[in-house]
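Trainee: Starting off with a structure, shown below.
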Amino acid sequence: MAMEKQSLYAYMLTLGDNALILGQRLGELCGHGPSLETDIALTNIALDLLGQTRSCFQYAAAQLEGKSEDDVAFSRKENQYTNVLLVEQPNTDFAYVITRQYFFDVYHLMLMEWLAVNSADETIKAIASKAVKEARYHRRFSSDWMLRLGDGTSESHQRVVQAVEDLWPYTQEFFVPSEAETLAAQAGIGPELSSFKEHYYNDVVSLLQKATIAVPENPYFQKGGKQGVHTEHMGYLLADLQYMQRTYPNMTW
Amino acid sequence: MEKKNWPLWEVFVRSKNGLEHRHFGSLHAADATMALENARDVYTRRNEGVSIWVVESKHITASNPENHGELFEPAQDKVYRHPTFYKLPDEVKHM
Amino acid sequence: MSEKEIKNLEEIFEQRIANDEKIEPKDWMPEKYRKTHIRQISQHAHSEIVGMLPEGNWITRAPSLRRKAALLAKVQDEAGHGLYLYSACETLGISREELYDQLHTGKAKYSSIFNYPTVTWADIGAIGWLVDGAAIINQVPLCNTSFGPYARAMVRVCKEESFHQRQGYEIMLTLSKGTPEQKAMAQDALNRWWWPSLMMFGPTDAESVHTEQSMKWKLKRKTNDELRQQFIDQTVPQADLLGLTVPDPDLKWNEERGSYDFGEIDWDEFWQVVKGHGPCNKERMNTRVSAWENGAWVRDAAVAYAEKKEKAKSEVAQAS
């Protein structure tokens with residue numbers, strides 16, 4: 001069963017917005033990393049995510065009349081972005097950067113692996129096939145750093161424990177499907193997200209234990225990003241992202 | 001706590017169509033895993049399908065350069081500085 | 001070693017260079033050669049990583065996804081160049097830590113062009129076009145410099161740098177062909193970056209001290225003034241193509257010389273910025289120092305983890 005253009009567009013936003021916002025956060029770090037080598041590594045991840053964003057938004061734009069990837073990226077209002085809350089969290093310190101990345105990478109790799117093999121949409125399949133290799137590397141990178149921070153010094157341990165505590169409530173949002181994701185699953189284009197949940201938490205808990213980080217006891221998980229209800233961080237992030245388009249509208253760059 | 005620095009590693013890369021690993025340069029990393037990841041990020045950003053070797057610089061034993069007077073250094077030498085880089089071709093593009 | 005022996009080695013050394021042989025890290029070299037190269041290579045490396053900051057400033061605000069990706073890649077390249085150059089420098093027997101310490105305490109310099117602010121998107125175009133353009137003119141001759149690791153690092157750098165200049169010029173082209181507002185933005189950026197770019201070639205030949213030695217060791221092929229003239233002659237036609245005006249009322253083609261005559265550079269400004277009083281000197285240093293100091297716990301954690309793994313490995317080896 002094929003998807004309506006509007007629904008396919010909405011689904012591509014779901015895929016692209018996470019990459020866009022997370023890539024934006026990583027882009028802020030350029031030149032500020034704890035070592036030159038780490039700077040290069042994080043920028044690599046940002047570039048990969050930006051590449052995925054562009055592929056998703058180009059396909060999204062193709063569902064509309066006369067729109068481009070940039071229209072999709074830059075001209076929406078805040079409540080029209082459907083990224084999860086996790087990716088808009090700020091670069092508080094390196095522990096937050098790595099924890100946010102790791103929590104994202106575990107989900108993102110599962111998603112890309114599923115799409116690359118199972119999606120009924122050929123374009124999405126192709127996008128995901130390329131993204132899988134990237135996501136695999138990102139997950140390796142972020143897992144390795146979770147171990148180093150968790151089982152490193154007492155200071156790094158404290159910091160990453162704090163980051164995990166603070167970001168844990170944002171992890172469940174991945175598995176609560178939005179309307180677009182539900183329609184995509186019905187059309188065989190996207191996965192049943194709830195089926196990822198158990199595997200996700202098994203993997204994450206296992207890594208946290210290996211890193212000697214306590215698994216947070218958390219009674220409540222945050223959500224809303226997929227519905228366009230974001231945290232206070234999003235407004236400032238968009239102010240940067242959209243500055244040029246808002247100040248100099250309708251120009252070619 | 002005594003301050004420790006990330007040790008120096010030498011990076012050897014064999015490109016997709018290459019026949020052997022060549023010395024590309026060096027970088028700092030805390031362990032072998034990080035060294036491999038860093039090497040991949042720094043030295044293979046423009047290539048596909050490569051093989052990377054990383055070796056801690058202190059584990060490399062280098063021969064003495066030919067012109068060098070035997071008087072001034074012991075026969076079996078650690079890499080006092082670095083082994084030689086691989087020579088890249090001279091093609092340079094200008095704008 | 002007797003003075004006679006040293007003099008003999010020096011003669012052999014200079015002859016090798018004159019024969020276009022490369023000097024490698026483990027070769028004998030005069031202490032002055034080693035020190036000069038540490039200074040020059042490290043300052044080159046410092047320039048690359050400090051140079052990431054004015055451009056990195058516009059990553060989050062790049063006006064299109066394509067420009068954002070290109071800028072991220074460019075800044076990442078610069079980090080990579082810093083790395084190649086630090087590696088080359090470390091072969092001379094100095095550690096990365098010491099090099100950073102020299103930068104952070106102001107003992108080592110970096111190219112003062114990076115002490116200027118990037119206040120509009122057009123600045124990113126101007127930097128790629130003018131600053132990378134000037135850098136290329138300085139760097140291409142270094143591909144044949146006498147010290148092997150430096151020459152090879154420079155070949156790698158030059159390969160990557162040519163794309164940077166093209167990207168910058170393309171930005172300027174797009175702006176110049178755009179709306180009047182965009183063209184004005186481009187002209188404004190040119191106005192602010194032109195003279196500092198000329199200053200990248202250093203003081204006039206009359207004021208330069210190290211030229212002769214640098215020429216012998218192939219650290220320099222042409223003088224500061226010659227390179228500066230080359231840059232102007234090459235760049236003015238590019239500005240003409242953009243339909244922009246170089247902010248120099250004294251700029252004039254001299255048919256006799258076959259070169260452009262140009263106005264007086266404000267050497268007061270040059271020396272002020274070199275001495276640390278440019279618009280962004282303090283900010284650039286604070287950023288680099290903060291990044292390094294705030295990153296200490298991260299680097300320490302990585303070392304601690306590696307040591308634990310090593311210990312566990314050797315305990316397992318012992319037990320078996």
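Naming works like this for the structure tokens: A, B, ... for the chains as they're shown, residue 1 at the start of each chain, ligands 1 onward in shown order.
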For chain C against chain B, which residues fall within 6 Å using only C-alpha atoms, given as a PDB file with all heavy atoms, in the first residue's frame?
Mentor:
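Output file out.pdb is given in full below:
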ATOM      1  N   SER C  87      52.356  16.819  13.986  1.00  0.00           N
ATOM      2  CA  SER C  87      53.101  15.560  13.835  1.00  0.00           C
ATOM      3  C   SER C  87      54.485  15.825  13.265  1.00  0.00           C
ATOM      4  O   SER C  87      55.478  15.295  13.757  1.00  0.00           O
ATOM      5  CB  SER C  87      52.370  14.615  12.885  1.00  0.00           C
ATOM      6  OG  SER C  87      51.132  14.236  13.409  1.00  0.00           O
ATOM      7  N   THR C  91      58.447  15.485  15.308  1.00  0.00           N
ATOM      8  CA  THR C  91      59.601  14.682  14.899  1.00  0.00           C
ATOM      9  C   THR C  91      60.906  15.372  15.268  1.00  0.00           C
ATOM     10  O   THR C  91      61.961  14.748  15.286  1.00  0.00           O
ATOM     11  CB  THR C  91      59.638  14.405  13.379  1.00  0.00           C
ATOM     12  OG1 THR C  91      59.901  15.629  12.682  1.00  0.00           O
ATOM     13  CG2 THR C  91      58.345  13.798  12.887  1.00  0.00           C
ATOM     14  N   GLY C  93      61.591  16.511  18.101  1.00  0.00           N
ATOM     15  CA  GLY C  93      61.906  16.281  19.509  1.00  0.00           C
ATOM     16  C   GLY C  93      61.205  17.216  20.469  1.00  0.00           C
ATOM     17  O   GLY C  93      61.766  17.599  21.491  1.00  0.00           O
ATOM     18  N   LYS C 159      47.038  19.871  -1.342  1.00  0.00           N
ATOM     19  CA  LYS C 159      46.027  19.109  -2.079  1.00  0.00           C
ATOM     20  C   LYS C 159      44.630  19.489  -1.605  1.00  0.00           C
ATOM     21  O   LYS C 159      43.706  19.638  -2.381  1.00  0.00           O
ATOM     22  CB  LYS C 159      46.218  17.616  -1.830  1.00  0.00           C
ATOM     23  CG  LYS C 159      46.853  16.872  -2.942  1.00  0.00           C
ATOM     24  CD  LYS C 159      46.734  15.360  -2.731  1.00  0.00           C
ATOM     25  CE  LYS C 159      47.616  14.639  -3.740  1.00  0.00           C
ATOM     26  NZ  LYS C 159      48.371  13.528  -3.180  1.00  0.00           N
ATOM     27  N   SER C 162      43.211  23.690  -2.054  1.00  0.00           N
ATOM     28  CA  SER C 162      42.713  24.301  -3.287  1.00  0.00           C
ATOM     29  C   SER C 162      41.190  24.324  -3.317  1.00  0.00           C
ATOM     30  O   SER C 162      40.578  25.256  -3.816  1.00  0.00           O
ATOM     31  CB  SER C 162      43.263  23.573  -4.499  1.00  0.00           C
ATOM     32  OG  SER C 162      42.927  22.202  -4.421  1.00  0.00           O
ATOM     33  N   ALA C 302      40.459   8.887  29.619  1.00  0.00           N
ATOM     34  CA  ALA C 302      40.870   7.950  28.572  1.00  0.00           C
ATOM     35  C   ALA C 302      42.145   7.215  28.974  1.00  0.00           C
ATOM     36  O   ALA C 302      42.279   6.006  28.757  1.00  0.00           O
ATOM     37  CB  ALA C 302      41.057   8.679  27.251  1.00  0.00           C
ATOM     38  N   VAL C 303      43.081   7.936  29.570  1.00  0.00           N
ATOM     39  CA  VAL C 303      44.330   7.318  30.008  1.00  0.00           C
ATOM     40  C   VAL C 303      44.056   6.324  31.129  1.00  0.00           C
ATOM     41  O   VAL C 303      44.562   5.197  31.120  1.00  0.00           O
ATOM     42  CB  VAL C 303      45.334   8.394  30.475  1.00  0.00           C
ATOM     43  CG1 VAL C 303      46.542   7.747  31.134  1.00  0.00           C
ATOM     44  CG2 VAL C 303      45.776   9.243  29.305  1.00  0.00           C
ATOM     45  N   ALA C 306      42.516   3.189  29.764  1.00  0.00           N
ATOM     46  CA  ALA C 306      43.503   2.398  29.029  1.00  0.00           C
ATOM     47  C   ALA C 306      44.408   1.642  29.997  1.00  0.00           C
ATOM     48  O   ALA C 306      44.728   0.466  29.789  1.00  0.00           O
ATOM     49  CB  ALA C 306      44.326   3.295  28.114  1.00  0.00           C
TER      50      ALA C 306
END
Trainee: Could you list the residues in chain C lying within 6 Å of chain A, using only C-alpha atoms, and format the result as a count of residues only?
Mentor: 13
Trainee: Could you check how far CA of Val215 in chain A sits from CA of Met112 in chain A, in Å to one decimal?
Mentor: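 According to the coordinates, CA of Val215 in chain A and CA of Met112 in chain A are separated by 25.8 Å.
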Trainee: In terms of the shortest atom-to-atom distance over only C-alpha atoms, which of A:Gln52, A:Thr99, A:Asn18, A:Ser178 is closest to Ala211 in chain A?
Mentor: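 Looking at the shortest contact to Ala211 in chain A, the residue is A:Thr99.
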Trainee: So which residues touch Gln89 in chain A within 9 Å, counting only C-alpha atoms, skipping near sequence neighbours fewer than 5 positions away, as a list in words?
Mentor: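 Returned residues: Leu22, Arg25, Tyr96, Val97, Arg100, Leu167, Thr231, His233 and Met234 of chain A.
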Trainee: Write out as a PDB file with C-alpha atoms, in the first residue's frame the residues lying within 10 Å of Pro177 in chain A, counting only C-alpha atoms and excluding same-chain residues fewer than 4 positions away.
Mentor:
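Wrote it out as selection_13.pdb, contents follow:
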ATOM      1  CA  GLU A 173      10.232   8.867  23.124  1.00  0.00           C
ATOM      2  CA  GLU A 181       5.340   6.734  11.974  1.00  0.00           C
ATOM      3  CA  THR A 182       2.147   4.730  12.497  1.00  0.00           C
ATOM      4  CA  LEU A 183       1.076   5.315   8.900  1.00  0.00           C
ATOM      5  CA  ALA A 184       4.553   4.408   7.693  1.00  0.00           C
ATOM      6  CA  ALA A 185       4.453   1.123   9.600  1.00  0.00           C
ATOM      7  CA  PRO A 191       9.110  -0.294  11.416  1.00  0.00           C
ATOM      8  CA  GLU A 192       6.834  -0.982  14.341  1.00  0.00           C
ATOM      9  CA  LEU A 193       8.810   1.103  16.775  1.00  0.00           C
ATOM     10  CA  SER A 194       7.519  -0.584  19.896  1.00  0.00           C
ATOM     11  CA  LYS A 226       7.435  14.328  17.695  1.00  0.00           C
TER      12      LYS A 226
END
Trainee: Please report the interatomic distance between CA of Trp168 in chain A and CA of Gly224 in chain A in Å with one decimal.
Mentor: 15.2 Å
Trainee: CA of Tyr11 in chain A and CA of Asp121 in chain A, how far apart in Å?
Mentor: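 That distance, rounded to one decimal, is 11.6 Å.
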Trainee: Compare A:Arg140, A:Lys130, A:His108, A:Lys67 by their minimum atom-to-atom distance to chain B, counting only C-alpha atoms, and give me the closest one.
Mentor: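 Looking only at the distances to chain B, the closest residue turns out to be A:Arg140.
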Trainee: Using only C-alpha atoms, can you tell me which of B:Val55, B:Ile60, B:Val13, B:Leu36 comes closest to chain A?
Mentor: B:Leu36
Trainee: If you count only C-alpha atoms, which residues fall within 12 Å of range 208-210 of chain C, apart from same-chain ones fewer than 2 positions away, as a CSV table (one decimal) with all heavy atoms, in the first residue's frame?
Mentor:
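Generated file (part-v1.csv):
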chain,number,residue,atom,x,y,z
C,32,LYS,N,70.3,25.4,15.2
C,32,LYS,CA,69.6,26.5,14.7
C,32,LYS,C,68.5,26.0,13.7
C,32,LYS,O,67.4,26.6,13.7
C,32,LYS,CB,70.5,27.5,14.0
C,32,LYS,CG,69.9,28.8,13.6
C,32,LYS,CD,70.8,30.0,13.7
C,32,LYS,CE,70.1,31.3,13.5
C,32,LYS,NZ,70.3,31.9,12.2
C,36,THR,N,64.6,26.7,14.4
C,36,THR,CA,63.9,27.5,13.4
C,36,THR,C,62.7,26.7,12.9
C,36,THR,O,61.6,27.2,12.7
C,36,THR,CB,64.8,27.9,12.2
C,36,THR,OG1,65.9,28.6,12.7
C,36,THR,CG2,64.1,28.7,11.2
C,40,GLN,N,58.8,27.6,13.1
C,40,GLN,CA,58.0,27.8,11.9
C,40,GLN,C,56.8,26.8,11.7
C,40,GLN,O,55.7,27.2,11.5
C,40,GLN,CB,58.8,27.8,10.6
C,40,GLN,CG,58.0,27.8,9.3
C,40,GLN,CD,58.4,28.7,8.2
C,40,GLN,OE1,59.3,29.5,8.4
C,40,GLN,NE2,57.9,28.4,7.0
C,201,PHE,N,51.5,38.4,4.6
C,201,PHE,CA,52.8,38.2,4.0
C,201,PHE,C,53.9,38.8,4.8
C,201,PHE,O,55.1,38.7,4.5
C,201,PHE,CB,52.9,38.7,2.6
C,201,PHE,CG,51.9,38.0,1.7
C,201,PHE,CD1,50.6,38.5,1.4
C,201,PHE,CD2,52.2,36.7,1.1
C,201,PHE,CE1,49.7,37.8,0.6
C,201,PHE,CE2,51.3,36.0,0.4
C,201,PHE,CZ,50.1,36.6,0.1
C,202,GLY,N,53.6,39.4,6.0
C,202,GLY,CA,54.6,39.8,6.9
C,202,GLY,C,55.1,41.2,6.6
C,202,GLY,O,54.6,41.9,5.6
C,203,PRO,N,56.1,41.7,7.3
C,203,PRO,CA,56.6,43.0,7.2
C,203,PRO,C,57.3,43.1,5.8
C,203,PRO,O,57.6,42.1,5.1
C,203,PRO,CB,57.6,43.2,8.3
C,203,PRO,CG,57.6,41.9,9.1
C,203,PRO,CD,56.7,40.9,8.4
C,204,THR,N,57.6,44.4,5.4
C,204,THR,CA,58.3,44.6,4.2
C,204,THR,C,59.7,43.9,4.2
C,204,THR,O,60.2,43.6,5.3
C,204,THR,CB,58.5,46.1,3.9
C,204,THR,OG1,59.3,46.6,5.0
C,204,THR,CG2,57.2,46.8,3.7
C,205,ASP,N,60.3,43.7,3.1
C,205,ASP,CA,61.6,43.0,3.0
C,205,ASP,C,62.7,43.8,3.9
C,205,ASP,O,63.5,43.2,4.5
C,205,ASP,CB,62.1,43.0,1.6
C,205,ASP,CG,61.2,42.0,0.8
C,205,ASP,OD1,60.4,41.3,1.4
C,205,ASP,OD2,61.3,42.0,-0.5
C,206,ALA,N,62.5,45.1,3.8
C,206,ALA,CA,63.5,46.0,4.6
C,206,ALA,C,63.4,45.7,6.1
C,206,ALA,O,64.4,45.7,6.8
C,206,ALA,CB,63.2,47.4,4.4
C,212,GLU,N,67.5,35.6,4.6
C,212,GLU,CA,68.6,34.8,4.0
C,212,GLU,C,68.7,33.4,4.4
C,212,GLU,O,68.8,32.5,3.6
C,212,GLU,CB,69.9,35.6,4.3
C,212,GLU,CG,71.0,35.3,3.2
C,212,GLU,CD,72.4,35.7,3.7
C,212,GLU,OE1,72.6,36.8,4.1
C,212,GLU,OE2,73.3,34.8,3.7
C,213,GLN,N,68.7,33.2,5.7
C,213,GLN,CA,68.8,31.8,6.3
C,213,GLN,C,67.6,31.0,5.8
C,213,GLN,O,67.8,29.8,5.4
C,213,GLN,CB,68.7,31.9,7.8
C,213,GLN,CG,69.0,30.6,8.5
C,213,GLN,CD,70.4,30.1,8.3
C,213,GLN,OE1,70.8,29.5,7.4
C,213,GLN,NE2,71.2,30.4,9.3
C,214,SER,N,66.4,31.6,5.8
C,214,SER,CA,65.2,30.9,5.3
C,214,SER,C,65.3,30.4,3.9
C,214,SER,O,64.9,29.4,3.5
C,214,SER,CB,64.0,31.7,5.5
C,214,SER,OG,63.8,32.0,6.9
C,215,MET,N,65.9,31.3,3.1
C,215,MET,CA,66.1,30.9,1.7
C,215,MET,C,67.0,29.8,1.5
C,215,MET,O,66.7,28.8,0.8
C,215,MET,CB,66.7,32.1,0.9
C,215,MET,CG,65.8,33.4,0.9
C,215,MET,SD,64.7,33.4,-0.5
C,215,MET,CE,64.2,35.1,-0.6
C,216,LYS,N,68.1,29.8,2.2
C,216,LYS,CA,69.1,28.7,2.2
C,216,LYS,C,68.5,27.3,2.5
C,216,LYS,O,68.7,26.3,1.9
C,216,LYS,CB,70.3,28.9,3.1
C,216,LYS,CG,71.5,29.4,2.4
C,216,LYS,CD,72.8,29.0,3.1
C,216,LYS,CE,73.0,29.7,4.4
C,216,LYS,NZ,74.2,29.2,5.1
C,217,TRP,N,67.6,27.4,3.5
C,217,TRP,CA,67.0,26.1,4.0
C,217,TRP,C,65.7,25.8,3.2
C,217,TRP,O,65.0,24.9,3.6
C,217,TRP,CB,66.8,26.2,5.5
C,217,TRP,CG,68.0,26.1,6.3
C,217,TRP,CD1,69.2,25.6,5.9
C,217,TRP,CD2,68.2,26.6,7.6
C,217,TRP,NE1,70.2,25.7,6.9
C,217,TRP,CE2,69.6,26.3,8.0
C,217,TRP,CE3,67.4,27.2,8.6
C,217,TRP,CZ2,70.1,26.6,9.2
C,217,TRP,CZ3,67.9,27.5,9.8
C,217,TRP,CH2,69.3,27.2,10.1
C,219,LEU,N,62.9,27.4,3.2
C,219,LEU,CA,61.7,27.7,4.0
C,219,LEU,C,61.0,28.8,3.2
C,219,LEU,O,59.9,29.1,3.5
C,219,LEU,CB,62.0,28.1,5.4
C,219,LEU,CG,62.3,27.0,6.4
C,219,LEU,CD1,62.8,27.5,7.7
C,219,LEU,CD2,61.0,26.2,6.6
C,220,LYS,N,61.8,29.5,2.4
C,220,LYS,CA,61.3,30.6,1.7
C,220,LYS,C,61.9,30.6,0.3
C,220,LYS,O,63.1,30.3,0.2
C,220,LYS,CB,61.8,31.9,2.4
C,220,LYS,CG,60.7,32.9,2.7
C,220,LYS,CD,61.4,34.1,3.3
C,220,LYS,CE,60.5,35.3,3.5
C,220,LYS,NZ,59.5,35.1,4.5
C,223,THR,N,60.7,36.6,-1.5
C,223,THR,CA,60.6,37.5,-0.3
C,223,THR,C,59.2,37.9,0.0
C,223,THR,O,58.3,37.6,-0.8
C,223,THR,CB,61.4,38.8,-0.5
C,223,THR,OG1,60.6,39.6,-1.5
C,223,THR,CG2,62.8,38.6,-1.0
C,224,ASN,N,59.0,38.5,1.2
C,224,ASN,CA,57.6,38.9,1.6
C,224,ASN,C,57.0,39.8,0.5
C,224,ASN,O,55.8,39.6,0.1
C,224,ASN,CB,57.6,39.6,2.9
C,224,ASN,CG,58.0,38.7,4.1
C,224,ASN,OD1,58.1,37.5,3.9
C,224,ASN,ND2,58.2,39.3,5.3
C,225,ASP,N,57.7,40.8,0.1
C,225,ASP,CA,57.2,41.8,-0.8
C,225,ASP,C,56.8,41.1,-2.2
C,225,ASP,O,55.8,41.4,-2.8
C,225,ASP,CB,58.1,42.9,-1.0
C,225,ASP,CG,58.1,43.9,0.2
C,225,ASP,OD1,57.2,43.9,0.9
C,225,ASP,OD2,59.1,44.6,0.4
Trainee: Ranking B:Arg40, B:His59, B:Arg14, B:His21 by minimum distance to chain A and counting only C-alpha atoms, which one comes first?
Mentor: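 Using only C-alpha atoms, the shortest distance to chain A belongs to B:Arg40.
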Trainee: Counting only C-alpha atoms, figure out which residue out of C:Glu161, C:Glu283, C:Glu21, C:Asp188 gets nearest to His81 in chain C.
Mentor: C:Glu161
Trainee: Env of Pro247 in chain C: 8 Å cut, atoms = only C-alpha atoms, seq-sep filter 5 positions within chain, self excluded. Answer as an mmCIF file with C-alpha atoms, in the first residue's frame.
Mentor:
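Ended up saving to out-v9.cif:
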data_model
loop_
_atom_site.group_PDB
_atom_site.id
_atom_site.type_symbol
_atom_site.label_atom_id
_atom_site.label_comp_id
_atom_site.auth_asym_id
_atom_site.auth_seq_id
_atom_site.Cartn_x
_atom_site.Cartn_y
_atom_site.Cartn_z
ATOM 1 C CA LEU C 190 36.110 42.595 1.069
ATOM 2 C CA ASN C 191 36.580 46.033 2.620
ATOM 3 C CA TRP C 194 41.617 43.011 2.087
#
Trainee: From a DSSP pass on the backbone, collect the residues of range 98-280 of chain C flagged as alpha helix (DSSP H) and hand them back as a ChimeraX atom specification.
Mentor: /C:98-104,121-126,132-139,148-176,180-199,211-216,224-242,267-272
Trainee: Name all residues at most 10 Å from Ala126 in chain A (count only C-alpha atoms; drop same-chain ones fewer than 6 positions away) and give them as a PyMOL selection string.
Mentor: chain A and resi 55+115-117+119
Trainee: Any chance you can output those residues with all heavy atoms as an mmCIF file, in the first residue's frame?
Mentor:
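result.cif written:
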data_model
loop_
_atom_site.group_PDB
_atom_site.id
_atom_site.type_symbol
_atom_site.label_atom_id
_atom_site.label_comp_id
_atom_site.auth_asym_id
_atom_site.auth_seq_id
_atom_site.Cartn_x
_atom_site.Cartn_y
_atom_site.Cartn_z
ATOM 1 N N SER A 55 19.676 13.949 2.372
ATOM 2 C CA SER A 55 18.994 12.896 1.614
ATOM 3 C C SER A 55 17.521 12.835 1.982
ATOM 4 O O SER A 55 16.652 12.759 1.112
ATOM 5 C CB SER A 55 19.643 11.534 1.889
ATOM 6 O OG SER A 55 20.989 11.551 1.527
ATOM 7 N N LEU A 115 15.332 -0.335 8.111
ATOM 8 C CA LEU A 115 14.928 0.340 6.872
ATOM 9 C C LEU A 115 15.716 -0.174 5.669
ATOM 10 O O LEU A 115 15.145 -0.362 4.593
ATOM 11 C CB LEU A 115 15.124 1.855 6.997
ATOM 12 C CG LEU A 115 14.205 2.590 7.973
ATOM 13 C CD1 LEU A 115 14.656 4.050 8.113
ATOM 14 C CD2 LEU A 115 12.749 2.531 7.519
ATOM 15 N N ALA A 116 17.015 -0.407 5.874
ATOM 16 C CA ALA A 116 17.873 -0.828 4.755
ATOM 17 C C ALA A 116 17.450 -2.177 4.197
ATOM 18 O O ALA A 116 17.638 -2.467 3.020
ATOM 19 C CB ALA A 116 19.330 -0.875 5.202
ATOM 20 N N VAL A 117 16.876 -3.005 5.055
ATOM 21 C CA VAL A 117 16.489 -4.350 4.622
ATOM 22 C C VAL A 117 15.003 -4.442 4.276
ATOM 23 O O VAL A 117 14.624 -5.106 3.308
ATOM 24 C CB VAL A 117 16.823 -5.379 5.736
ATOM 25 C CG1 VAL A 117 16.274 -6.751 5.394
ATOM 26 C CG2 VAL A 117 18.326 -5.440 5.960
ATOM 27 N N SER A 119 12.332 -1.751 4.248
ATOM 28 C CA SER A 119 11.412 -0.691 3.833
ATOM 29 C C SER A 119 10.821 -0.962 2.456
ATOM 30 O O SER A 119 11.532 -1.358 1.529
ATOM 31 C CB SER A 119 12.117 0.661 3.823
ATOM 32 O OG SER A 119 11.209 1.661 3.400
#
